[in-house]
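Listing of run34.cif, mmCIF, C-alpha atoms
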```cif
data_model
loop_
_atom_site.label_atom_id
_atom_site.label_comp_id
_atom_site.auth_asym_id
_atom_site.auth_seq_id
_atom_site.Cartn_x
_atom_site.Cartn_y
_atom_site.Cartn_z
CA MET L 1 123.49 139.11 86.37
CA ASN L 2 126.66 138.11 84.64
CA ILE L 3 128.44 134.84 84.40
CA ASN L 4 131.41 134.58 86.72
CA ALA L 5 133.27 132.19 88.99
CA THR L 6 130.12 131.63 91.07
CA LEU L 7 129.39 128.97 88.50
CA LEU L 8 132.48 127.00 89.39
CA GLY L 9 131.82 127.40 93.10
CA GLN L 10 128.32 126.14 92.63
CA THR L 11 129.51 123.11 90.66
CA ILE L 12 132.07 122.22 93.32
CA MET L 13 129.52 122.65 96.08
CA PHE L 14 127.06 120.53 94.16
CA ALA L 15 129.61 117.73 93.72
CA MET L 16 130.48 117.77 97.42
CA PHE L 17 126.86 117.70 98.52
CA VAL L 18 126.11 114.80 96.20
CA TRP L 19 129.15 112.93 97.46
CA PHE L 20 128.16 113.45 101.08
CA CYS L 21 124.60 112.45 100.40
CA MET L 22 125.71 109.29 98.61
CA LYS L 23 128.16 108.40 101.34
CA PHE L 24 126.38 109.27 104.57
CA VAL L 25 122.71 109.96 103.97
CA TRP L 26 121.28 107.61 101.41
CA PRO L 27 122.66 104.20 102.50
CA PRO L 28 121.52 104.21 106.17
CA ILE L 29 118.05 105.45 105.29
CA MET L 30 117.64 102.91 102.52
CA ALA L 31 118.97 100.17 104.79
CA ALA L 32 116.41 101.07 107.43
CA LEU L 33 113.64 101.16 104.85
CA ASP L 34 114.62 97.77 103.49
CA ALA L 35 114.89 96.32 106.98
CA ARG L 36 111.45 97.62 107.86
CA LYS L 37 110.05 96.28 104.60
CA LYS L 38 111.41 92.87 105.48
CA GLN L 39 110.11 93.12 109.03
CA ILE L 40 106.64 93.97 107.80
CA ALA L 41 106.72 91.16 105.26
CA ASP L 42 107.80 88.73 107.98
CA GLY L 43 105.08 89.98 110.28
CA LEU L 44 102.45 89.53 107.61
CA ALA L 45 103.73 86.03 106.85
CA ALA L 46 103.64 85.17 110.56
CA GLY L 47 100.11 86.49 110.79
CA GLU L 48 99.11 84.38 107.82
CA ARG L 49 100.70 81.35 109.41
CA GLY L 50 98.91 82.05 112.68
CA LYS L 51 95.61 82.25 110.86
CA HIS L 52 96.32 78.96 109.15
CA ASP L 53 97.23 77.36 112.48
CA LEU L 54 94.05 78.67 113.99
CA GLU L 55 92.02 77.12 111.19
CA LEU L 56 93.77 73.81 111.70
CA ALA L 57 93.19 73.97 115.43
CA ALA L 58 89.52 74.75 114.93
CA LYS L 59 89.21 71.79 112.59
CA ARG L 60 91.01 69.56 115.04
CA SER L 61 88.88 70.69 117.97
CA ALA L 62 85.70 70.05 116.00
CA GLU L 63 86.94 66.58 115.21
CA LEU L 64 87.81 65.91 118.84
CA LEU L 65 84.40 67.13 119.92
CA ARG L 66 82.71 64.85 117.44
CA GLU L 67 84.79 61.87 118.59
CA ALA L 68 84.03 62.65 122.21
CA LYS L 69 80.33 62.83 121.46
CA GLU L 70 80.46 59.48 119.72
CA LYS L 71 82.35 57.95 122.61
CA ALA L 72 79.89 59.38 125.10
CA ALA L 73 76.99 57.98 123.11
CA ASP L 74 78.73 54.59 123.04
CA ILE L 75 79.30 54.67 126.76
CA ILE L 76 75.69 55.62 127.43
CA ALA L 77 74.47 52.81 125.21
CA GLN L 78 76.75 50.36 126.96
CA GLY L 79 75.61 51.61 130.33
CA ASP L 80 71.96 51.20 129.33
CA LYS L 81 72.66 47.69 128.16
CA ARG L 82 74.52 46.86 131.32
CA ALA L 83 71.77 48.33 133.46
CA SER L 84 69.10 46.28 131.76
CA GLU L 85 71.32 43.22 132.14
CA ILE L 86 71.70 43.91 135.83
CA VAL L 87 67.96 44.36 136.18
CA GLU L 88 67.37 41.07 134.38
CA GLU L 89 69.90 39.30 136.55
CA ALA L 90 68.38 40.76 139.66
CA LYS L 91 64.96 39.67 138.50
CA ALA L 92 66.18 36.13 137.90
CA GLN L 93 67.90 36.05 141.28
CA ALA L 94 64.86 37.39 142.99
CA LYS L 95 62.71 34.77 141.33
CA ALA L 96 65.06 32.00 142.43
CA GLU L 97 65.10 33.37 145.96
CA HIS L 98 61.37 33.65 145.95
CA ASP L 99 61.04 30.06 144.81
CA ARG L 100 63.45 28.93 147.44
CA ILE L 101 61.70 30.81 150.22
CA VAL L 102 58.31 29.58 149.09
CA ALA L 103 59.61 26.02 148.93
CA ALA L 104 61.14 26.32 152.39
CA GLY L 105 57.93 27.75 153.78
CA LYS L 106 55.96 25.02 152.22
CA ALA L 107 58.26 22.39 153.67
CA GLU L 108 58.00 23.98 157.09
CA VAL L 109 54.24 24.13 156.85
CA ASP L 110 54.18 20.50 155.78
CA GLN L 111 56.37 19.59 158.66
CA GLU L 112 54.21 21.60 161.04
CA VAL L 113 51.09 19.92 159.68
CA PHE L 114 52.73 16.54 160.05
CA ARG L 115 53.74 17.34 163.58
CA ALA L 116 50.27 18.59 164.46
CA LYS L 117 48.74 15.55 162.91
CA GLU L 118 51.08 13.39 164.94
CA GLN L 119 50.16 15.27 168.08
CA ILE L 120 46.50 15.14 167.28
CA ARG L 121 46.82 11.46 166.52
CA THR L 122 48.41 10.72 169.86
CA GLN L 123 45.95 12.94 171.65
CA VAL L 124 43.00 11.37 169.79
CA SER L 125 44.20 7.88 170.65
CA ALA L 126 44.51 8.93 174.27
CA ILE L 127 41.06 10.52 174.16
CA ALA L 128 39.71 7.45 172.41
CA LEU L 129 41.30 5.24 174.95
CA ALA L 130 39.96 7.33 177.82
CA GLY L 131 36.52 7.47 176.13
CA ALA L 132 36.49 3.80 175.52
CA GLY L 133 37.55 3.15 179.12
CA LYS L 134 34.73 5.34 180.39
CA ILE L 135 32.27 3.73 178.06
CA LEU L 136 33.25 0.26 179.08
CA GLY L 137 33.46 1.29 182.68
CA ARG L 138 36.33 -0.79 183.13
CA GLU L 139 39.87 -0.46 182.64
CA ILE L 140 40.95 -1.91 179.50
CA ASP L 141 44.17 -3.54 179.61
CA ALA L 142 46.28 -1.09 177.67
CA LYS L 143 48.74 -3.70 176.91
CA ALA L 144 46.16 -6.09 175.65
CA HIS L 145 44.55 -3.64 173.45
CA ASN L 146 47.62 -1.86 172.33
CA ASP L 147 47.53 -3.43 168.99
CA LEU L 148 44.02 -2.31 168.49
CA LEU L 149 44.86 1.20 169.54
CA GLU L 150 47.83 1.38 167.30
CA LYS L 151 45.71 0.36 164.44
CA LEU L 152 43.20 3.06 165.37
CA VAL L 153 45.88 5.67 165.59
CA ALA L 154 47.16 4.70 162.19
CA GLU L 155 43.70 4.99 160.78
CA ILE L 156 43.16 8.50 162.04
CA MET N 1 113.07 151.31 98.91
CA THR N 2 115.81 153.03 100.75
CA THR N 3 116.20 156.47 99.32
CA GLU N 4 113.34 158.76 98.53
CA ALA N 5 114.52 159.47 95.02
CA LEU N 6 114.36 155.82 93.98
CA THR N 7 112.36 155.14 90.84
CA SER N 8 110.63 151.87 89.99
CA THR N 9 113.35 151.04 87.50
CA ASP N 10 116.04 151.58 90.10
CA TYR N 11 114.12 149.50 92.61
CA ILE N 12 113.79 146.58 90.22
CA ARG N 13 117.38 146.85 89.11
CA HIS N 14 118.48 146.95 92.72
CA HIS N 15 116.60 143.76 93.51
CA LEU N 16 117.98 141.93 90.52
CA GLN N 17 121.58 142.74 91.34
CA ASN N 18 123.71 140.11 93.02
CA LEU N 19 126.23 140.88 95.69
CA THR N 20 129.25 140.46 93.43
CA CYS N 21 132.61 140.59 95.07
CA GLY N 22 136.08 140.10 93.74
CA LEU N 23 139.63 141.30 93.54
CA GLN N 24 139.94 144.62 91.83
CA ASP N 25 143.06 146.68 91.62
CA GLY N 26 144.72 144.38 94.12
CA HIS N 27 142.11 144.50 96.86
CA PHE N 28 138.93 142.61 97.58
CA HIS N 29 135.69 144.55 97.44
CA CYS N 30 132.08 144.28 96.42
CA ALA N 31 130.47 145.91 93.40
CA HIS N 32 128.00 148.73 93.92
CA ASP N 33 126.26 148.53 90.57
CA VAL N 34 125.90 146.42 87.48
CA ALA N 35 128.67 148.13 85.57
CA GLU N 36 131.13 147.64 88.38
CA ALA N 37 130.18 143.98 88.70
CA LYS N 38 130.70 143.51 84.99
CA ALA N 39 134.05 145.19 85.17
CA MET N 40 135.23 142.57 87.64
CA GLY N 41 135.18 140.02 84.87
CA PHE N 42 134.95 136.28 85.33
CA TRP N 43 136.97 135.96 88.51
CA ALA N 44 134.42 137.47 90.80
CA VAL N 45 131.88 135.61 92.86
CA ASN N 46 128.29 136.29 93.78
CA VAL N 47 128.67 135.98 97.52
CA ASP N 48 124.92 135.92 98.12
CA THR N 49 124.29 133.05 95.70
CA LEU N 50 127.12 130.93 97.03
CA GLY N 51 126.39 131.76 100.64
CA VAL N 52 122.69 130.99 100.51
CA SER N 53 123.30 127.82 98.46
CA LEU N 54 125.88 126.67 100.94
CA VAL N 55 123.70 127.34 103.96
CA LEU N 56 120.71 125.59 102.38
CA GLY N 57 122.81 122.65 101.24
CA LEU N 58 124.30 122.25 104.69
CA LEU N 59 120.86 122.57 106.23
CA PHE N 60 119.60 119.77 103.99
CA LEU N 61 122.57 117.51 104.65
CA PHE N 62 122.59 118.22 108.37
CA PHE N 63 118.90 117.41 108.72
CA PHE N 64 119.03 114.28 106.60
CA ARG N 65 122.28 113.13 108.18
CA SER N 66 120.93 113.54 111.69
CA VAL N 67 117.92 111.46 110.74
CA ALA N 68 120.07 108.89 108.95
CA LYS N 69 122.27 108.53 112.02
CA SER N 70 119.40 107.84 114.38
CA VAL N 71 117.29 105.96 111.88
CA ALA N 72 115.21 103.27 113.54
CA GLN N 73 113.76 100.17 112.03
CA GLY N 74 110.71 100.26 114.23
CA VAL N 75 107.95 102.82 114.22
CA PRO N 76 109.50 106.02 112.78
CA GLY N 77 109.11 109.39 114.47
CA GLY N 78 108.01 112.59 112.79
CA ALA N 79 111.30 113.73 111.25
CA GLN N 80 112.21 110.22 110.19
CA ASN N 81 108.78 109.76 108.66
CA PHE N 82 109.22 112.93 106.65
CA VAL N 83 112.69 112.02 105.47
CA GLU N 84 111.60 108.51 104.57
CA TRP N 85 108.67 109.89 102.65
CA ILE N 86 111.01 112.04 100.53
CA VAL N 87 113.57 109.28 100.14
CA GLU N 88 110.93 106.83 99.05
CA PHE N 89 109.48 109.31 96.61
CA ILE N 90 112.93 109.85 95.07
CA ASP N 91 113.64 106.14 95.06
CA ASN N 92 110.40 105.46 93.19
CA SER N 93 111.18 108.18 90.66
CA VAL N 94 114.62 106.74 90.07
CA ARG N 95 113.29 103.20 89.75
CA GLY N 96 110.69 104.42 87.32
CA SER N 97 113.04 106.30 84.99
CA PHE N 98 116.46 104.76 85.47
CA THR N 99 116.92 101.27 84.10
CA GLY N 100 120.61 100.71 84.84
CA ARG N 101 122.30 100.04 88.14
CA ASN N 102 124.20 102.93 89.61
CA PRO N 103 124.39 103.78 93.32
CA LEU N 104 125.10 107.42 92.47
CA VAL N 105 121.84 108.26 90.75
CA ALA N 106 119.40 108.08 93.66
CA PRO N 107 121.46 110.20 96.11
CA LEU N 108 122.17 112.60 93.25
CA ALA N 109 118.45 112.91 92.57
CA LEU N 110 117.74 113.40 96.27
CA THR N 111 120.36 116.14 96.56
CA ILE N 112 119.12 117.90 93.45
CA PHE N 113 115.51 117.75 94.46
CA VAL N 114 115.87 118.94 98.03
CA TRP N 115 118.59 121.47 97.40
CA ILE N 116 116.81 123.10 94.47
CA PHE N 117 113.55 122.99 96.35
CA LEU N 118 115.13 124.84 99.27
CA MET N 119 116.75 127.38 96.95
CA ASN N 120 113.44 127.96 95.21
CA LEU N 121 111.69 128.17 98.56
CA MET N 122 113.66 131.34 99.31
CA ASP N 123 111.48 132.90 96.66
CA LEU N 124 108.61 132.91 99.14
CA VAL N 125 110.47 135.17 101.56
CA PRO N 126 109.04 138.65 101.00
CA VAL N 127 111.29 140.43 98.49
CA ASP N 128 112.20 143.40 100.64
CA TYR N 129 113.18 141.72 103.89
CA ILE N 130 116.60 140.38 103.10
CA PRO N 131 117.86 143.29 100.94
CA PHE N 132 116.78 145.61 103.70
CA LEU N 133 118.66 143.63 106.33
CA ALA N 134 121.67 143.39 104.04
CA GLU N 135 121.66 147.12 103.55
CA LYS N 136 121.61 147.64 107.29
CA MET N 137 124.61 145.37 107.54
CA GLY N 138 126.45 147.28 104.86
CA ALA N 139 125.97 145.10 101.79
CA GLY N 140 124.62 147.01 98.83
CA HIS N 141 122.77 144.13 97.26
CA PHE N 142 121.57 140.77 98.32
CA LYS N 143 119.67 138.33 96.12
CA LEU N 144 118.24 135.69 98.35
CA VAL N 145 117.14 133.15 95.72
CA PRO N 146 120.18 131.33 94.30
CA SER N 147 118.16 129.74 91.52
CA THR N 148 117.42 133.18 90.07
CA ASP N 149 121.12 133.54 89.46
CA PRO N 150 122.09 131.79 86.21
CA ASN N 151 125.49 131.05 87.71
CA ALA N 152 123.89 128.68 90.19
CA THR N 153 121.69 126.84 87.74
CA ILE N 154 124.37 126.62 85.08
CA GLY N 155 126.82 125.44 87.70
CA MET N 156 124.55 122.57 88.67
CA ALA N 157 123.75 121.77 85.05
CA ILE N 158 127.46 121.57 84.33
CA GLY N 159 127.81 119.08 87.15
CA VAL N 160 125.09 116.95 85.62
CA PHE N 161 126.66 117.39 82.17
CA PHE N 162 129.99 116.07 83.41
CA LEU N 163 128.25 113.05 84.88
CA VAL N 164 126.44 112.40 81.60
CA ILE N 165 129.70 112.50 79.64
CA PHE N 166 131.53 110.48 82.29
CA TYR N 167 128.98 107.67 82.33
CA SER N 168 128.57 107.72 78.56
CA ILE N 169 132.28 107.05 78.20
CA LYS N 170 132.40 104.64 81.10
CA MET N 171 129.50 102.53 79.86
CA LYS N 172 130.18 102.59 76.12
CA GLY N 173 133.88 103.30 76.03
CA LEU N 174 135.38 106.33 74.37
CA GLY N 175 134.87 104.76 70.95
CA GLY N 176 131.27 103.97 71.70
CA PHE N 177 130.62 107.51 72.85
CA ILE N 178 132.24 109.04 69.77
CA GLY N 179 130.40 106.55 67.62
CA GLU N 180 127.16 107.61 69.19
CA LEU N 181 127.98 111.21 68.36
CA THR N 182 129.02 110.57 64.78
CA LEU N 183 127.40 107.43 63.36
CA GLN N 184 123.73 108.10 63.91
CA PRO N 185 121.10 108.80 62.86
CA PHE N 186 122.32 108.71 59.23
CA GLY N 187 125.16 106.21 59.25
CA LYS N 188 128.80 106.93 58.54
CA PHE N 189 128.20 108.78 55.25
CA GLY N 190 126.30 111.52 57.02
CA LEU N 191 129.08 111.98 59.57
CA PRO N 192 129.34 115.79 59.70
CA PHE N 193 125.62 116.15 59.84
CA ASN N 194 125.35 113.47 62.53
CA LEU N 195 128.04 115.15 64.58
CA PHE N 196 126.29 118.48 64.34
CA LEU N 197 122.92 116.99 65.35
CA GLU N 198 124.27 114.94 68.23
CA VAL N 199 126.47 117.70 69.62
CA VAL N 200 123.51 120.06 69.63
CA ASN N 201 121.52 117.29 71.30
CA LEU N 202 124.22 116.82 73.92
CA ILE N 203 124.71 120.53 74.63
CA ALA N 204 120.98 121.09 74.78
CA LYS N 205 120.77 118.92 77.88
CA PRO N 206 122.62 121.13 80.37
CA VAL N 207 121.42 124.30 78.68
CA SER N 208 117.79 123.25 78.96
CA LEU N 209 118.29 122.16 82.57
CA ALA N 210 119.94 125.41 83.58
CA LEU N 211 117.79 127.83 81.65
CA ARG N 212 114.46 126.20 82.48
CA LEU N 213 115.09 126.48 86.20
CA PHE N 214 116.64 129.94 85.96
CA GLY N 215 113.90 131.27 83.66
CA ASN N 216 111.07 130.06 85.82
CA MET N 217 112.51 131.29 89.07
CA TYR N 218 113.66 134.59 87.60
CA ALA N 219 110.21 135.27 86.17
CA GLY N 220 108.58 134.35 89.45
CA GLU N 221 110.91 136.60 91.41
CA MET N 222 110.33 139.41 88.92
CA ILE N 223 106.59 139.21 89.47
CA PHE N 224 107.07 139.35 93.24
CA ILE N 225 109.20 142.46 92.77
CA LEU N 226 106.59 144.06 90.56
CA ILE N 227 103.88 143.27 93.11
CA ALA N 228 106.08 144.87 95.76
CA LEU N 229 105.86 148.14 93.85
CA LEU N 230 102.18 148.41 94.78
CA PRO N 231 101.14 150.31 97.91
CA PHE N 232 101.85 148.09 100.93
CA TYR N 233 98.16 147.68 101.87
CA ALA N 234 97.25 146.33 98.42
CA GLN N 235 100.20 144.01 97.90
CA TRP N 236 98.69 140.98 99.56
CA THR N 237 95.83 140.80 97.03
CA LEU N 238 98.35 139.80 94.40
CA SER N 239 101.30 138.48 96.34
CA LEU N 240 99.27 135.96 98.31
CA PRO N 241 97.75 134.17 95.28
CA TRP N 242 101.08 134.34 93.48
CA ALA N 243 102.90 132.89 96.49
CA ILE N 244 100.41 130.05 96.78
CA PHE N 245 100.75 129.34 93.09
CA HIS N 246 104.48 129.60 93.46
CA ILE N 247 104.54 126.76 95.99
CA LEU N 248 103.49 124.55 93.12
CA ILE N 249 106.06 126.01 90.75
CA ILE N 250 109.05 125.70 93.04
CA THR N 251 108.26 122.05 93.75
CA LEU N 252 107.60 121.35 90.11
CA GLN N 253 110.85 122.97 88.98
CA ALA N 254 112.86 120.99 91.51
CA PHE N 255 111.11 117.84 90.40
CA ILE N 256 111.68 118.56 86.71
CA PHE N 257 115.38 119.22 87.22
CA MET N 258 115.67 115.96 89.12
CA THR N 259 113.66 113.89 86.64
CA LEU N 260 115.55 115.24 83.64
CA THR N 261 118.83 114.48 85.36
CA ILE N 262 117.73 110.91 85.92
CA VAL N 263 116.57 110.59 82.33
CA TYR N 264 119.80 112.04 80.92
CA LEU N 265 121.87 109.68 83.04
CA ASP N 266 119.66 106.81 81.96
CA MET N 267 120.34 107.73 78.32
CA ALA N 268 124.05 107.85 79.12
CA HIS N 269 123.86 104.28 80.42
CA GLN N 270 122.00 102.88 77.43
CA GLU N 271 123.67 101.62 74.29
CA HIS N 272 121.24 103.28 71.90
CA HIS N 273 118.62 105.87 72.36
#
```
Spit out the file's structure as structure tokens when you get a sec.
Amino acid sequence: MNINATLLGQTIMFAMFVWFCMKFVWPPIMAALDARKKQIADGLAAGERGKHDLELAAKRSAELLREAKEKAADIIAQGDKRASEIVEEAKAQAKAEHDRIVAAGKAEVDQEVFRAKEQIRTQVSAIALAGAGKILGREIDAKAHNDLLEKLVAEI
Amino acid sequence: MTTEALTSTDYIRHHLQNLTCGLQDGHFHCAHDVAEAKAMGFWAVNVDTLGVSLVLGLLFLFFFRSVAKSVAQGVPGGAQNFVEWIVEFIDNSVRGSFTGRNPLVAPLALTIFVWIFLMNLMDLVPVDYIPFLAEKMGAGHFKLVPSTDPNATIGMAIGVFFLVIFYSIKMKGLGGFIGELTLQPFGKFGLPFNLFLEVVNLIAKPVSLALRLFGNMYAGEMIFILIALLPFYAQWTLSLPWAIFHILIITLQAFIFMTLTIVYLDMAHQEHH
């Protein structure tokens, strides 16, 4: 255990090892560490951004949903209104039609009555004429008594 | 224990002896005992210390370099995860203690931490294995833990010391550095006293770095050797707790060496301290 040239050898070796380490070992490892640090920081930032985007999207979708609901409610209300309008219109039309049909029927009935009356009148006058002829036992001159008959017919 | 006549003292001395080799009388050979190693003087080297340090350093650099080459930005694999964990730990330590900007400090801290940790880790290899193997291969001694050799720790501390002086002069200029040594804390009239205080302060840095690490690891190794003197069936009762405790110590010592280096370099970068 005495001091000798080992000391110098050790110092030289030490210097060479430090030089090598500084030149070839430390820089690449530190570079990789820094690069990874940056990568992780970027990843975290991207994640944060994604989260933010998601929040925005959720907000936006809620808004859209609300708008859609409002629109749907509007459309339903409009539809209801339109439906009741259509029903009203249909009712009015139906009423008009009904009135028209009733009026037409009435007119037809009137006409029919008139025609029946006319027929009856002619038939009655003929019956009256025949009856009168039988009662009188003689032939009445139809021509002579036409005026009288006409008058009778008009009276009936 | 190789020969039957070995005493405890011899055993301990044997384990604390480095494999010192050098040129002697014109030919290269390795010392057989402490006296012979001393006789070789300064220009001998502890082959075991240098060899193990070199292998561990290369192991560290090879592993980290292979990860650094294939480093991926995406999800890291096991080895990359481990390396990144260490690198990030070092980076945080440096950011916490070093206020200036210097691309050297963090790699320096990483090298110190891992290299010293690996050297200290050798302490957990059972004390008899490697000397036994070395003996079989013909080497008389082999001390596996480089950080129990003061040459290794002082060598590293000297490296740090040079950096401290270099950056002190680079950041403050030569005048600034000399001024720092001479003009405080008592102003220019207390110059000799200032110089004495500041030089002691400066020298204390590498000395404390080197001796703290060496002292701790040497003491730890010594206790392992003492435990190894027990009968083999009883050794684990002491060596196991000590080894577990030692895991803490070796990490702590590596960390302390690294942190102090960062702090000393930080002081070198600051105008006043």
Contact set, chain N to chain L: 6 Å, only C-alpha atoms, as a list in words: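 Matching residues, ligands excluded from the count: Phe42, Trp43, Ala44, Val45, Asn46, Arg65, Ala68, Gln73, Pro107, Leu108, Thr111, Asn151, Ala152, Gly155, Met156 and Gly159 of chain N.
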Rank L:Glu85, L:Leu152, L:Ala116, L:Asp110 by their smallest atom-to-atom distance to Leu129 in chain L, using all atoms listed in the file, and report the top residue only. L:Leu152
Do you know which residues are at most 9 Å from Leu149 in chain L counting all atoms listed in the file, after dropping those on the same chain fewer than 5 positions away, and could you put them as a tab-separated table (two decimals) with C-alpha atoms, in the frame of the given file?
```tsv
chain	number	residue	atom	x	y	z
L	125	SER	CA	44.20	7.88	170.65
L	128	ALA	CA	39.71	7.45	172.41
L	129	LEU	CA	41.30	5.24	174.95
L	142	ALA	CA	46.28	-1.09	177.67
L	154	ALA	CA	47.16	4.70	162.19
```
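Ranking N:Leu252, N:Lys170, N:Leu197, N:Trp85 by their shortest atom-to-atom distance to Thr182 in chain N, with all atoms listed in the file included, puts N:Leu197 first.
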Gly57 in chain N surroundings by all atoms listed in the file, 7 Å radius, close-in-sequence under 4 positions cut, as a list in words: Phe17 of chain L; Ser53, Leu61 and Trp115 of chain N
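Interatomic distance, CA of Ser239 in chain N against CA of Asn216 in chain N: 16.6 Å.
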Expand the PyMOL selection byres ((chain N and resi 221-234) around 12) into the explicit residue set it covers here, and present it as a ChimeraX atom specification. /N:1,6-17,120-129,131,143-149,214-220,235-246,249-250
Print the selection's residues with C-alpha atoms to a file, as a PDB file, keeping the file's coordinate frame.
```pdb
ATOM      1  CA  MET N   1     113.070 151.310  98.910  1.00  0.00           C
ATOM      2  CA  LEU N   6     114.360 155.820  93.980  1.00  0.00           C
ATOM      3  CA  THR N   7     112.360 155.140  90.840  1.00  0.00           C
ATOM      4  CA  SER N   8     110.630 151.870  89.990  1.00  0.00           C
ATOM      5  CA  THR N   9     113.350 151.040  87.500  1.00  0.00           C
ATOM      6  CA  ASP N  10     116.040 151.580  90.100  1.00  0.00           C
ATOM      7  CA  TYR N  11     114.120 149.500  92.610  1.00  0.00           C
ATOM      8  CA  ILE N  12     113.790 146.580  90.220  1.00  0.00           C
ATOM      9  CA  ARG N  13     117.380 146.850  89.110  1.00  0.00           C
ATOM     10  CA  HIS N  14     118.480 146.950  92.720  1.00  0.00           C
ATOM     11  CA  HIS N  15     116.600 143.760  93.510  1.00  0.00           C
ATOM     12  CA  LEU N  16     117.980 141.930  90.520  1.00  0.00           C
ATOM     13  CA  GLN N  17     121.580 142.740  91.340  1.00  0.00           C
ATOM     14  CA  ASN N 120     113.440 127.960  95.210  1.00  0.00           C
ATOM     15  CA  LEU N 121     111.690 128.170  98.560  1.00  0.00           C
ATOM     16  CA  MET N 122     113.660 131.340  99.310  1.00  0.00           C
ATOM     17  CA  ASP N 123     111.480 132.900  96.660  1.00  0.00           C
ATOM     18  CA  LEU N 124     108.610 132.910  99.140  1.00  0.00           C
ATOM     19  CA  VAL N 125     110.470 135.170 101.560  1.00  0.00           C
ATOM     20  CA  PRO N 126     109.040 138.650 101.000  1.00  0.00           C
ATOM     21  CA  VAL N 127     111.290 140.430  98.490  1.00  0.00           C
ATOM     22  CA  ASP N 128     112.200 143.400 100.640  1.00  0.00           C
ATOM     23  CA  TYR N 129     113.180 141.720 103.890  1.00  0.00           C
ATOM     24  CA  PRO N 131     117.860 143.290 100.940  1.00  0.00           C
ATOM     25  CA  LYS N 143     119.670 138.330  96.120  1.00  0.00           C
ATOM     26  CA  LEU N 144     118.240 135.690  98.350  1.00  0.00           C
ATOM     27  CA  VAL N 145     117.140 133.150  95.720  1.00  0.00           C
ATOM     28  CA  PRO N 146     120.180 131.330  94.300  1.00  0.00           C
ATOM     29  CA  SER N 147     118.160 129.740  91.520  1.00  0.00           C
ATOM     30  CA  THR N 148     117.420 133.180  90.070  1.00  0.00           C
ATOM     31  CA  ASP N 149     121.120 133.540  89.460  1.00  0.00           C
ATOM     32  CA  PHE N 214     116.640 129.940  85.960  1.00  0.00           C
ATOM     33  CA  GLY N 215     113.900 131.270  83.660  1.00  0.00           C
ATOM     34  CA  ASN N 216     111.070 130.060  85.820  1.00  0.00           C
ATOM     35  CA  MET N 217     112.510 131.290  89.070  1.00  0.00           C
ATOM     36  CA  TYR N 218     113.660 134.590  87.600  1.00  0.00           C
ATOM     37  CA  ALA N 219     110.210 135.270  86.170  1.00  0.00           C
ATOM     38  CA  GLY N 220     108.580 134.350  89.450  1.00  0.00           C
ATOM     39  CA  GLN N 235     100.200 144.010  97.900  1.00  0.00           C
ATOM     40  CA  TRP N 236      98.690 140.980  99.560  1.00  0.00           C
ATOM     41  CA  THR N 237      95.830 140.800  97.030  1.00  0.00           C
ATOM     42  CA  LEU N 238      98.350 139.800  94.400  1.00  0.00           C
ATOM     43  CA  SER N 239     101.300 138.480  96.340  1.00  0.00           C
ATOM     44  CA  LEU N 240      99.270 135.960  98.310  1.00  0.00           C
ATOM     45  CA  PRO N 241      97.750 134.170  95.280  1.00  0.00           C
ATOM     46  CA  TRP N 242     101.080 134.340  93.480  1.00  0.00           C
ATOM     47  CA  ALA N 243     102.900 132.890  96.490  1.00  0.00           C
ATOM     48  CA  ILE N 244     100.410 130.050  96.780  1.00  0.00           C
ATOM     49  CA  PHE N 245     100.750 129.340  93.090  1.00  0.00           C
ATOM     50  CA  HIS N 246     104.480 129.600  93.460  1.00  0.00           C
ATOM     51  CA  ILE N 249     106.060 126.010  90.750  1.00  0.00           C
ATOM     52  CA  ILE N 250     109.050 125.700  93.040  1.00  0.00           C
TER      53      ILE N 250
END
```
Convert the output of the PyMOL selection byres ((chain N and resi 24-34) around 9) on the shown file into explicit residues, formatted as a PyMOL selection string. (chain L and resi 1-2) or (chain N and resi 13-14+17-23+35-40+139-141)
Could you work out how far CA of Asp147 in chain L lies from CA of Gln123 in chain L, giving the answer in Å with one decimal?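 Between CA of Gln123 in chain L and CA of Asp147 in chain L the gap is 16.7 Å.
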Do you have the CA of Ala130 in chain L-CA of Asn146 in chain L distance handy? 13.2 Å
Would you translate the PyMOL selection byres ((chain L and resi 155) around 12) into the concrete set of residues it matches in this file, as an MDAnalysis selection string? chainID L and resid 117:118 121:122 124:125 148:154 156
Can you tell me, as a list in words, what residues are no more than 12 Å from range 184-190 of chain N when counting all atoms listed in the file, ignoring any on the same chain fewer than 6 positions away?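 Final neighbour list, sorted by chain and number: Gly176, Phe177, Ile178, Phe196, Leu197, Glu198, Val199, Asn201, His272 and His273 of chain N.
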